[in-house]
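What's in entry_31.pdb: PDB, C-alpha atoms
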ATOM      1  CA  MET A   1       7.840 -20.110  32.035
ATOM      2  CA  ALA A   2       7.190 -19.114  35.626
ATOM      3  CA  SER A   3      10.868 -18.844  36.529
ATOM      4  CA  ASN A   4      11.677 -16.815  33.402
ATOM      5  CA  ARG A   5       8.962 -14.313  34.121
ATOM      6  CA  LEU A   6       9.386 -14.102  37.903
ATOM      7  CA  ASP A   7      13.091 -13.392  37.526
ATOM      8  CA  VAL A   8      12.334 -10.209  35.630
ATOM      9  CA  SER A   9      13.286  -7.129  37.585
ATOM     10  CA  VAL A  10      10.867  -4.266  37.063
ATOM     11  CA  SER A  11      13.848  -1.924  37.171
ATOM     12  CA  LYS A  12      15.248  -3.703  34.116
ATOM     13  CA  ARG A  13      12.298  -2.797  31.914
ATOM     14  CA  VAL A  14      12.915  -0.153  29.284
ATOM     15  CA  ARG A  15       9.290  -0.182  28.167
ATOM     16  CA  SER A  16       6.881   0.995  30.858
ATOM     17  CA  ALA A  17       3.328  -0.273  31.132
ATOM     18  CA  ALA A  18       2.054   3.297  30.932
ATOM     19  CA  LEU A  19      -0.399   4.686  28.403
ATOM     20  CA  LEU A  20       0.468   4.970  24.727
ATOM     21  CA  SER A  21       2.832   7.700  23.678
ATOM     22  CA  PRO A  22       0.707  10.292  21.838
ATOM     23  CA  PRO A  23       1.017  10.504  18.039
ATOM     24  CA  VAL A  24       2.602  13.509  16.351
ATOM     25  CA  LYS A  25       1.514  14.596  12.874
ATOM     26  CA  LEU A  26       4.145  16.090  10.576
ATOM     27  CA  GLU A  27       2.983  18.239   7.674
ATOM     28  CA  ARG A  28       6.502  17.999   6.236
ATOM     29  CA  ALA A  29       8.064  14.580   6.697
ATOM     30  CA  PHE A  30      11.288  15.019   4.709
ATOM     31  CA  ASP A  31      13.185  18.140   3.696
ATOM     32  CA  ASP A  32      13.973  16.496   0.337
ATOM     33  CA  PRO A  33      10.784  14.676  -0.718
ATOM     34  CA  ALA A  34      11.902  14.474  -4.355
ATOM     35  CA  GLY A  35      14.970  12.569  -3.193
ATOM     36  CA  VAL A  36      12.762  10.120  -1.285
ATOM     37  CA  VAL A  37      10.591   9.472  -4.346
ATOM     38  CA  ALA A  38      13.689   8.970  -6.499
ATOM     39  CA  LEU A  39      15.000   6.415  -4.003
ATOM     40  CA  ILE A  40      11.662   4.580  -3.986
ATOM     41  CA  LYS A  41      11.888   4.293  -7.760
ATOM     42  CA  LYS A  42      15.509   3.142  -7.507
ATOM     43  CA  GLY A  43      14.407   0.263  -5.247
ATOM     44  CA  ALA A  44      12.450  -1.476  -8.014
ATOM     45  CA  PRO A  45      11.911  -4.297  -8.643
ATOM     46  CA  TYR A  46      10.395  -5.065  -5.241
ATOM     47  CA  LYS A  47       9.902  -8.430  -3.552
ATOM     48  CA  THR A  48       6.621  -9.441  -1.909
ATOM     49  CA  GLU A  49       6.429  -8.711   1.812
ATOM     50  CA  GLU A  50       6.257 -12.428   2.552
ATOM     51  CA  ALA A  51       9.385 -13.156   0.505
ATOM     52  CA  VAL A  52      11.305 -10.342   2.200
ATOM     53  CA  HIS A  53      10.553 -11.885   5.590
ATOM     54  CA  LYS A  54      10.948 -15.491   4.362
ATOM     55  CA  HIS A  55       7.595 -16.788   5.578
ATOM     56  CA  PRO A  56       7.749 -20.606   5.477
ATOM     57  CA  GLY A  57       5.120 -22.548   3.558
ATOM     58  CA  VAL A  58       3.795 -19.539   1.610
ATOM     59  CA  THR A  59       3.309 -19.863  -2.154
ATOM     60  CA  HIS A  60       0.976 -16.940  -2.944
ATOM     61  CA  THR A  61       0.493 -13.549  -1.323
ATOM     62  CA  GLY A  62      -1.531 -10.361  -1.418
ATOM     63  CA  GLY A  63      -0.571  -7.114  -3.106
ATOM     64  CA  TRP A  64       2.073  -5.903  -0.660
ATOM     65  CA  PHE A  65       5.716  -5.309  -1.690
ATOM     66  CA  ARG A  66       8.636  -4.109   0.433
ATOM     67  CA  ASN A  67      12.283  -3.063   0.493
ATOM     68  CA  PHE A  68      14.480  -2.209   3.478
ATOM     69  CA  TRP A  69      16.550   0.962   3.541
ATOM     70  CA  ALA A  70      17.988   0.281   7.007
ATOM     71  CA  LEU A  71      18.103  -2.652   9.432
ATOM     72  CA  GLY A  72      19.617  -3.069  12.875
ATOM     73  CA  GLY A  73      20.555   0.591  12.980
ATOM     74  CA  LYS A  74      22.583   0.353   9.753
ATOM     75  CA  VAL A  75      21.733   1.645   6.280
ATOM     76  CA  VAL A  76      21.520  -1.262   3.823
ATOM     77  CA  PHE A  77      20.296   0.589   0.718
ATOM     78  CA  ASP A  78      22.629   3.013  -0.996
ATOM     79  CA  GLY A  79      21.388   6.591  -0.866
ATOM     80  CA  ALA A  80      19.178   6.212   2.215
ATOM     81  CA  GLU A  81      21.647   7.688   4.721
ATOM     82  CA  PRO A  82      20.260  11.254   4.899
ATOM     83  CA  PHE A  83      16.667  10.037   5.149
ATOM     84  CA  PHE A  84      17.413   7.465   7.851
ATOM     85  CA  HIS A  85      18.823  10.167  10.141
ATOM     86  CA  ASN A  86      15.886  12.496   9.469
ATOM     87  CA  PRO A  87      15.939  15.268  12.113
ATOM     88  CA  ASN A  88      12.189  15.854  11.687
ATOM     89  CA  PHE A  89      11.432  12.303  12.826
ATOM     90  CA  ILE A  90      13.989  12.407  15.633
ATOM     91  CA  GLU A  91      12.479  15.573  17.119
ATOM     92  CA  ALA A  92       8.946  14.182  16.810
ATOM     93  CA  ALA A  93      10.040  10.980  18.571
ATOM     94  CA  LYS A  94      11.559  12.968  21.429
ATOM     95  CA  LYS A  95       8.283  14.858  21.816
ATOM     96  CA  SER A  96       5.992  11.832  21.610
ATOM     97  CA  PHE A  97       7.993   9.494  23.857
ATOM     98  CA  GLN A  98       9.394  12.188  26.169
ATOM     99  CA  ALA A  99      12.779  10.658  25.446
ATOM    100  CA  GLU A 100      16.319  12.022  25.458
ATOM    101  CA  VAL A 101      17.899   9.221  23.425
ATOM    102  CA  ILE A 102      16.557   8.392  19.961
ATOM    103  CA  ARG A 103      18.292   5.675  17.953
ATOM    104  CA  PRO A 104      17.037   5.096  14.398
ATOM    105  CA  VAL A 105      16.889   1.339  13.887
ATOM    106  CA  ALA A 106      14.978   0.483  10.702
ATOM    107  CA  MET A 107      13.500   2.023   7.582
ATOM    108  CA  MET A 108      11.540   0.451   4.756
ATOM    109  CA  THR A 109       9.346   1.212   1.787
ATOM    110  CA  ASN A 110       5.911  -0.353   1.410
ATOM    111  CA  LEU A 111       4.172  -0.488  -1.967
ATOM    112  CA  ASN A 112       0.533  -1.589  -2.026
ATOM    113  CA  LEU A 113      -1.462  -2.563  -5.094
ATOM    114  CA  PRO A 114      -5.197  -1.789  -5.266
ATOM    115  CA  MET A 115      -6.631  -4.027  -2.544
ATOM    116  CA  THR A 116      -9.210  -4.360   0.178
ATOM    117  CA  GLY A 117      -8.408  -2.692   3.480
ATOM    118  CA  LEU A 118      -6.290  -4.337   6.130
ATOM    119  CA  PRO A 119      -7.753  -5.161   9.553
ATOM    120  CA  PRO A 120      -6.634  -3.194  12.612
ATOM    121  CA  HIS A 121      -3.305  -4.515  13.799
ATOM    122  CA  LEU A 122      -0.082  -3.729  15.648
ATOM    123  CA  ASP A 123       3.324  -3.488  14.002
ATOM    124  CA  LEU A 124       5.880  -6.209  14.558
ATOM    125  CA  PRO A 125       7.191  -5.509  18.068
ATOM    126  CA  PHE A 126      10.794  -5.149  19.189
ATOM    127  CA  PHE A 127      11.901  -7.280  22.145
ATOM    128  CA  ARG A 128      15.289  -7.469  23.798
ATOM    129  CA  GLY A 129      17.215 -10.347  22.262
ATOM    130  CA  THR A 130      15.063 -10.650  19.110
ATOM    131  CA  MET A 131      16.158  -7.670  17.022
ATOM    132  CA  ASN A 132      18.863  -9.350  14.938
ATOM    133  CA  ARG A 133      16.844 -12.222  13.479
ATOM    134  CA  GLU A 134      17.369 -14.496  16.463
ATOM    135  CA  VAL A 135      13.757 -15.556  15.859
ATOM    136  CA  PRO A 136      11.911 -15.545  12.522
ATOM    137  CA  ALA A 137      10.159 -12.315  11.589
ATOM    138  CA  TRP A 138       6.729 -13.973  11.444
ATOM    139  CA  MET A 139       7.055 -14.985  15.132
ATOM    140  CA  LEU A 140       7.140 -11.374  16.328
ATOM    141  CA  ALA A 141       3.428 -10.792  15.650
ATOM    142  CA  PRO A 142       2.276 -13.686  17.890
ATOM    143  CA  MET A 143       4.772 -12.514  20.507
ATOM    144  CA  GLY A 144       3.150  -9.093  20.482
ATOM    145  CA  TYR A 145      -0.451 -10.272  20.564
ATOM    146  CA  ALA A 146       0.239 -12.939  23.208
ATOM    147  CA  GLY A 147       0.949 -10.349  25.898
ATOM    148  CA  LEU A 148       3.595 -12.655  27.378
ATOM    149  CA  PHE A 149       6.696 -10.654  26.520
ATOM    150  CA  HIS A 150       6.021  -7.093  27.661
ATOM    151  CA  ASP A 151       8.867  -7.260  30.187
ATOM    152  CA  TRP A 152      11.317  -7.447  27.275
ATOM    153  CA  ALA A 153       9.600  -4.845  25.054
ATOM    154  CA  VAL A 154      11.623  -1.913  23.736
ATOM    155  CA  PRO A 155       9.871   1.447  23.161
ATOM    156  CA  VAL A 156       9.823   2.180  19.423
ATOM    157  CA  ALA A 157       8.639   5.251  17.539
ATOM    158  CA  SER A 158       7.180   4.568  14.086
ATOM    159  CA  ALA A 159       6.918   7.353  11.519
ATOM    160  CA  ILE A 160       4.804   6.452   8.497
ATOM    161  CA  SER A 161       5.012   8.890   5.574
ATOM    162  CA  TRP A 162       3.079   8.794   2.303
ATOM    163  CA  PHE A 163       3.549   9.668  -1.344
ATOM    164  CA  TYR A 164       0.128   8.822  -2.744
ATOM    165  CA  ASP A 165      -2.830  10.830  -4.021
ATOM    166  CA  GLY A 166      -4.997   8.036  -5.409
ATOM    167  CA  ALA A 167      -8.316   6.672  -4.210
ATOM    168  CA  GLY A 168      -8.619   5.256  -0.695
ATOM    169  CA  GLY A 169      -5.582   4.117   1.229
ATOM    170  CA  GLU A 170      -6.408   6.134   4.329
ATOM    171  CA  PHE A 171      -4.538   5.564   7.612
ATOM    172  CA  GLU A 172      -6.887   4.956  10.562
ATOM    173  CA  TYR A 173      -5.516   4.740  14.096
ATOM    174  CA  TRP A 174      -6.674   4.475  17.704
ATOM    175  CA  PRO A 175      -4.326   6.663  19.824
ATOM    176  CA  ASP A 176      -6.579   6.543  22.887
ATOM    177  CA  GLY A 177      -7.230   2.803  22.802
ATOM    178  CA  PHE A 178      -9.686   0.885  20.680
ATOM    179  CA  ASP A 179     -12.542   1.649  23.053
ATOM    180  CA  LYS A 180     -12.250   5.337  22.058
ATOM    181  CA  PRO A 181     -12.899   6.999  18.662
ATOM    182  CA  SER A 182     -10.284   6.544  15.955
ATOM    183  CA  ARG A 183      -8.541   9.201  13.880
ATOM    184  CA  THR A 184      -8.021   9.034  10.122
ATOM    185  CA  GLU A 185      -5.481  10.574   7.723
ATOM    186  CA  ARG A 186      -6.645  10.593   4.089
ATOM    187  CA  PRO A 187      -5.026  11.210   0.719
ATOM    188  CA  PRO A 188      -3.969  13.155  -1.092
ATOM    189  CA  PHE A 189      -0.896  12.982   1.077
ATOM    190  CA  PHE A 190       2.516  13.869  -0.228
ATOM    191  CA  ASN A 191       5.406  14.058   2.212
ATOM    192  CA  THR A 192       3.202  14.063   5.312
ATOM    193  CA  ALA A 193       3.669  11.668   8.226
ATOM    194  CA  VAL A 194       2.310  10.444  11.533
ATOM    195  CA  LEU A 195       4.775   9.349  14.200
ATOM    196  CA  ALA A 196       3.202   7.045  16.764
ATOM    197  CA  ASP A 197       3.560   4.096  19.125
ATOM    198  CA  ASN A 198       2.578   1.526  16.494
ATOM    199  CA  GLU A 199       3.767  -1.525  18.420
ATOM    200  CA  TYR A 200       1.055  -0.723  20.996
ATOM    201  CA  MET A 201      -1.370   1.503  19.053
ATOM    202  CA  TYR A 202      -3.849  -0.269  16.758
ATOM    203  CA  HIS A 203      -3.975   1.069  13.222
ATOM    204  CA  ARG A 204      -5.033   0.024   9.739
ATOM    205  CA  VAL A 205      -4.832   0.893   6.047
ATOM    206  CA  GLY A 206      -8.141   1.417   4.250
ATOM    207  CA  SER A 207      -9.040  -0.065   0.886
ATOM    208  CA  ILE A 208      -6.746   1.174  -1.873
ATOM    209  CA  GLY A 209      -7.954   2.124  -5.347
ATOM    210  CA  ARG A 210     -11.156   1.131  -7.139
ATOM    211  CA  SER A 211     -12.920  -2.048  -6.102
ATOM    212  CA  GLN A 212     -12.839  -3.439  -9.670
ATOM    213  CA  ASP A 213      -9.027  -3.272  -9.546
ATOM    214  CA  PHE A 214      -8.543  -5.024  -6.199
ATOM    215  CA  VAL A 215      -6.018  -7.838  -6.146
ATOM    216  CA  VAL A 216      -7.646 -11.097  -5.112
ATOM    217  CA  GLU A 217      -6.254 -12.497  -1.875
ATOM    218  CA  ASP A 218      -3.392 -14.953  -2.525
ATOM    219  CA  ALA A 219      -3.320 -13.959  -6.209
ATOM    220  CA  ILE A 220       0.314 -12.829  -6.302
ATOM    221  CA  PRO A 221       3.010 -15.544  -6.466
ATOM    222  CA  TYR A 222       5.394 -15.557  -3.509
ATOM    223  CA  ASN A 223       8.409 -14.946  -5.774
ATOM    224  CA  ALA A 224       6.756 -12.221  -7.875
ATOM    225  CA  ARG A 225       8.441  -8.852  -8.318
ATOM    226  CA  LEU A 226       6.972  -5.364  -8.690
ATOM    227  CA  ALA A 227       8.952  -3.659 -11.473
ATOM    228  CA  LEU A 228       8.906  -0.032 -12.596
ATOM    229  CA  LEU A 229       8.855   0.165 -16.386
ATOM    230  CA  ASP A 230      10.573   2.842 -18.449
ATOM    231  CA  ASP A 231       7.224   4.537 -19.043
ATOM    232  CA  GLU A 232       6.660   4.627 -15.241
ATOM    233  CA  HIS A 233       4.004   1.949 -15.115
ATOM    234  CA  TRP A 234       4.232  -0.553 -12.266
ATOM    235  CA  GLN A 235       4.188  -4.182 -13.376
ATOM    236  CA  VAL A 236       3.896  -7.395 -11.353
ATOM    237  CA  GLN A 237       6.202  -9.957 -12.921
ATOM    238  CA  GLU A 238       7.064 -13.601 -12.351
ATOM    239  CA  ASN A 239      10.101 -15.006 -14.115
ATOM    240  CA  ASP A 240      10.033 -12.047 -16.517
ATOM    241  CA  ASN A 241       6.390 -12.741 -17.386
ATOM    242  CA  ALA A 242       4.034  -9.777 -16.978
ATOM    243  CA  LEU A 243       1.084 -10.592 -14.694
ATOM    244  CA  ILE A 244      -0.567  -7.203 -13.997
ATOM    245  CA  THR A 245       0.275  -3.624 -15.005
ATOM    246  CA  TYR A 246      -0.766  -0.469 -13.129
ATOM    247  CA  ASP A 247      -0.570   3.241 -13.774
ATOM    248  CA  TYR A 248       2.052   4.828 -11.520
ATOM    249  CA  PRO A 249      -0.458   6.730  -9.302
ATOM    250  CA  ASP A 250      -2.469   3.552  -8.598
ATOM    251  CA  VAL A 251       0.196   2.011  -6.344
ATOM    252  CA  ARG A 252       0.248   3.365  -2.790
ATOM    253  CA  LEU A 253       3.784   4.387  -1.771
ATOM    254  CA  SER A 254       4.782   4.828   1.856
ATOM    255  CA  VAL A 255       7.982   4.923   3.886
ATOM    256  CA  LEU A 256       8.185   3.554   7.436
ATOM    257  CA  TRP A 257      10.895   4.681   9.871
ATOM    258  CA  LYS A 258      11.489   3.218  13.318
ATOM    259  CA  ALA A 259      13.665   4.259  16.233
ATOM    260  CA  TYR A 260      14.334   3.096  19.773
ATOM    261  CA  CYS A 261      13.308   5.710  22.338
ATOM    262  CA  PHE A 262      14.965   5.803  25.758
ATOM    263  CA  LYS A 263      13.962   8.393  28.335
ATOM    264  CA  THR A 264      17.509   8.759  29.668
ATOM    265  CA  GLU A 265      21.084   7.756  28.880
ATOM    266  CA  ALA A 266      20.932   5.408  31.889
ATOM    267  CA  GLU A 267      17.904   3.631  30.425
ATOM    268  CA  ALA A 268      19.714   3.245  27.112
ATOM    269  CA  ALA A 269      22.769   1.849  28.905
ATOM    270  CA  ASP A 270      20.570  -0.667  30.713
ATOM    271  CA  TYR A 271      19.282  -1.876  27.344
ATOM    272  CA  ASP A 272      22.833  -2.082  26.003
ATOM    273  CA  ASP A 273      24.118  -4.378  28.732
ATOM    274  CA  LYS A 274      22.165  -7.336  27.237
ATOM    275  CA  SER A 275      21.727  -8.975  30.648
ATOM    276  CA  HIS A 276      17.952  -9.045  30.268
ATOM    277  CA  ASP A 277      17.774 -10.374  26.715
ATOM    278  CA  LEU A 278      15.466 -13.123  25.549
ATOM    279  CA  THR A 279      16.894 -16.192  23.828
ATOM    280  CA  PRO A 280      15.111 -18.327  21.197
ATOM    281  CA  ALA A 281      14.864 -21.133  23.762
ATOM    282  CA  MET A 282      13.207 -18.796  26.282
ATOM    283  CA  VAL A 283      10.699 -17.616  23.680
ATOM    284  CA  THR A 284       9.823 -21.205  22.770
ATOM    285  CA  ASP A 285       9.497 -22.257  26.411
ATOM    286  CA  ILE A 286       7.249 -19.307  27.273
ATOM    287  CA  PHE A 287       4.970 -20.095  24.350
ATOM    288  CA  CYS A 288       4.906 -23.823  25.156
ATOM    289  CA  THR A 289       3.996 -23.210  28.789
ATOM    290  CA  ASP A 290       1.192 -20.840  27.853
ATOM    291  CA  LEU A 291      -0.173 -23.186  25.165
ATOM    292  CA  THR A 292      -0.145 -26.035  27.680
ATOM    293  CA  ASP A 293      -1.888 -23.914  30.318
ATOM    294  CA  ARG A 294      -4.579 -23.049  27.767
ATOM    295  CA  GLY A 295      -5.104 -26.671  26.749
ATOM    296  CA  ILE A 296      -3.978 -26.112  23.163
ATOM    297  CA  LYS A 297      -2.433 -29.137  21.491
ATOM    298  CA  PHE A 298       0.902 -28.552  19.792
ATOM    299  CA  ALA A 299       4.196 -30.165  18.892
ATOM    300  CA  LYS A 300       7.329 -28.469  20.212
ATOM    301  CA  PRO A 301       9.210 -27.112  17.193
ATOM    302  CA  GLY A 302      12.429 -28.462  15.814
ATOM    303  CA  ASP A 303      13.748 -25.562  13.746
ATOM    304  CA  ILE A 304      11.646 -22.483  14.561
ATOM    305  CA  PHE A 305      12.612 -20.908  11.230
ATOM    306  CA  THR A 306      11.239 -23.711   9.042
ATOM    307  CA  ASP A 307       8.613 -25.514  11.149
ATOM    308  CA  VAL A 308       5.361 -24.657   9.346
ATOM    309  CA  ALA A 309       3.182 -26.441  11.929
ATOM    310  CA  TRP A 310       4.691 -24.328  14.732
ATOM    311  CA  LYS A 311       4.001 -21.157  12.755
ATOM    312  CA  GLN A 312       0.391 -22.207  12.180
ATOM    313  CA  THR A 313      -0.056 -23.042  15.875
ATOM    314  CA  LEU A 314       1.201 -19.673  17.086
ATOM    315  CA  GLU A 315      -0.701 -17.631  14.518
ATOM    316  CA  ALA A 316      -3.924 -19.451  15.395
ATOM    317  CA  ALA A 317      -3.402 -19.189  19.145
ATOM    318  CA  TYR A 318      -2.334 -15.519  19.194
ATOM    319  CA  PRO A 319      -4.172 -13.675  16.388
ATOM    320  CA  ALA A 320      -4.760  -9.977  16.145
ATOM    321  CA  PRO A 321      -7.985  -9.352  18.069
ATOM    322  CA  ASP A 322     -11.044  -8.043  16.282
ATOM    323  CA  ILE A 323     -11.260  -4.574  17.784
ATOM    324  CA  THR A 324     -13.962  -3.211  15.509
ATOM    325  CA  GLY A 325     -16.728  -5.434  16.838
TER     326      GLY A 325
END
As structure tokens, the full file:
Amino acid sequence: MASNRLDVSVSKRVRSAALLSPPVKLERAFDDPAGVVALIKKGAPYKTEEAVHKHPGVTHTGGWFRNFWALGGKVVFDGAEPFFHNPNFIEAAKKSFQAEVIRPVAMMTNLNLPMTGLPPHLDLPFFRGTMNREVPAWMLAPMGYAGLFHDWAVPVASAISWFYDGAGGEFEYWPDGFDKPSRTERPPFFNTAVLADNEYMYHRVGSIGRSQDFVVEDAIPYNARLALLDDEHWQVQENDNALITYDYPDVRLSVLWKAYCFKTEAEAADYDDKSHDLTPAMVTDIFCTDLTDRGIKFAKPGDIFTDVAWKQTLEAAYPAPDITG
């Protein structure tokens, strides 16, 4: 690992080690919110978040469903084009990151059933050489929490917008670091958004809905689908069997947009030259060296995409820290 890290030129970094980019709140996220809601409905039935990201060894999940509208800078869901290139988000990203070049890279919908709140966390980070599924999606979280890969980090703006006026489901975030007071956005929120540095800013979703309706952890089968019925009830199904049915307003709907942010055209060109990219072998070697240095027993993985023991090792060794004390 030492040679990999010592060879990094500071001038090659496109993510500085400076303070977090400040969040920007948008009272109007999209100019056509009805079109966004219609597209969310069109996306049903939804896969579980774990199935979307192909987490190995998982058989049951929580109440979180997802669909991608764009990946790798390309729209992958018909009808999402005008929302992916949302000028409101692009201008907010320029302001927050003090950046000239904004490149939309991903967009997804998240649908949450009534559930207990999530712990404070960081979003899956973007690192040079890992943006096109060169490593499994689950590995990105340990890479972020490990603190070993900052030299390859890419600055990313995240705009989270909501279409939910039910109970709970607030968005709490720590823009000044977790040793300073948090801020909270609460429903009802329809077509509002917060754009922030979510790969480096801790944030969380509060408990959603009424406690008596909470989904029990690991209660939803991995291959379940969240369908929208003709009468606009949401229904969790497995193999066409109805498991749970919810009123439409009880499911928390949100849309997440992400974009690379480069301060100058020269910085963007430096990212584009690919000379400073990670490889899967480098990622594995860096982890192995750090695990060895820390005295953690492990077996070097065979296939990083399917090795369940490797996944368990990394998630145990590099968890999200408990920042609430």
Write out as a tab-separated table a residue-level contact list of segment 62-97 of chain A versus segment 145-164 of chain A with cut-off 8 Å: for each qualifying residue the closest pair of atoms and the distance in Å to one decimal, counting all atoms listed in the file, rows sorted by chain and residue number upward.
residue	atom	partner	partner_atom	distance
A:Phe89	CA	A:Ala159	CA	6.8
A:Ala93	CA	A:Ala157	CA	6.0
A:Phe97	CA	A:Ala157	CA	7.6
**Q.** Explicit residues for the PyMOL selection byres ((chain A and resi 216) around 9) (as a list in words)
**A.**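 Going through the file, the PyMOL selection byres ((chain A and resi 216) around 9) ends up selecting Gly62, Gly63, Met115, Thr116, Phe214, Val215, Glu217, Asp218, Ala219 and Ile220 of chain A.
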Q: Would you work out the distance separating atom CA of His276 of chain A from atom CA of Phe305 of chain A, expressed in Å to one decimal?
A: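 For atom CA of His276 of chain A relative to atom CA of Phe305 of chain A, the distance reads 23.1 Å.
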Q) Got a sec: who's within 12 Å of Thr313 of chain A, counting only C-alpha atoms, leaving out chain neighbours fewer than 5 positions off, as number ranges by chain? A) A: 139, 142, 287-288, 291, 296-301, 304, 307-308, 318-319
Q: Tell me, in Å to one decimal, how far atom CA of Glu27 of chain A is from atom CA of Thr184 of chain A.
A: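 These atoms are spaced 14.6 Å apart.
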Q.
Given only C-alpha atoms as the basis, pick out the residue of A:Arg128, A:Lys47, A:Arg186, A:Lys74 nearest to Leu278 of chain A.
A.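 Nearest to Leu278 of chain A: A:Arg128.
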Q) Care to translate the PyMOL selection byres ((chain A and resi 259-273) around 6) into actual residues of this file, as number ranges by chain? A) A: 99-105, 155-157, 258, 274-275
Q. Quick one, how far is atom CA of Ile40 of chain A from atom CA of Asn112 of chain A?
A.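 Between atom CA of Ile40 of chain A and atom CA of Asn112 of chain A the gap is 12.9 Å.
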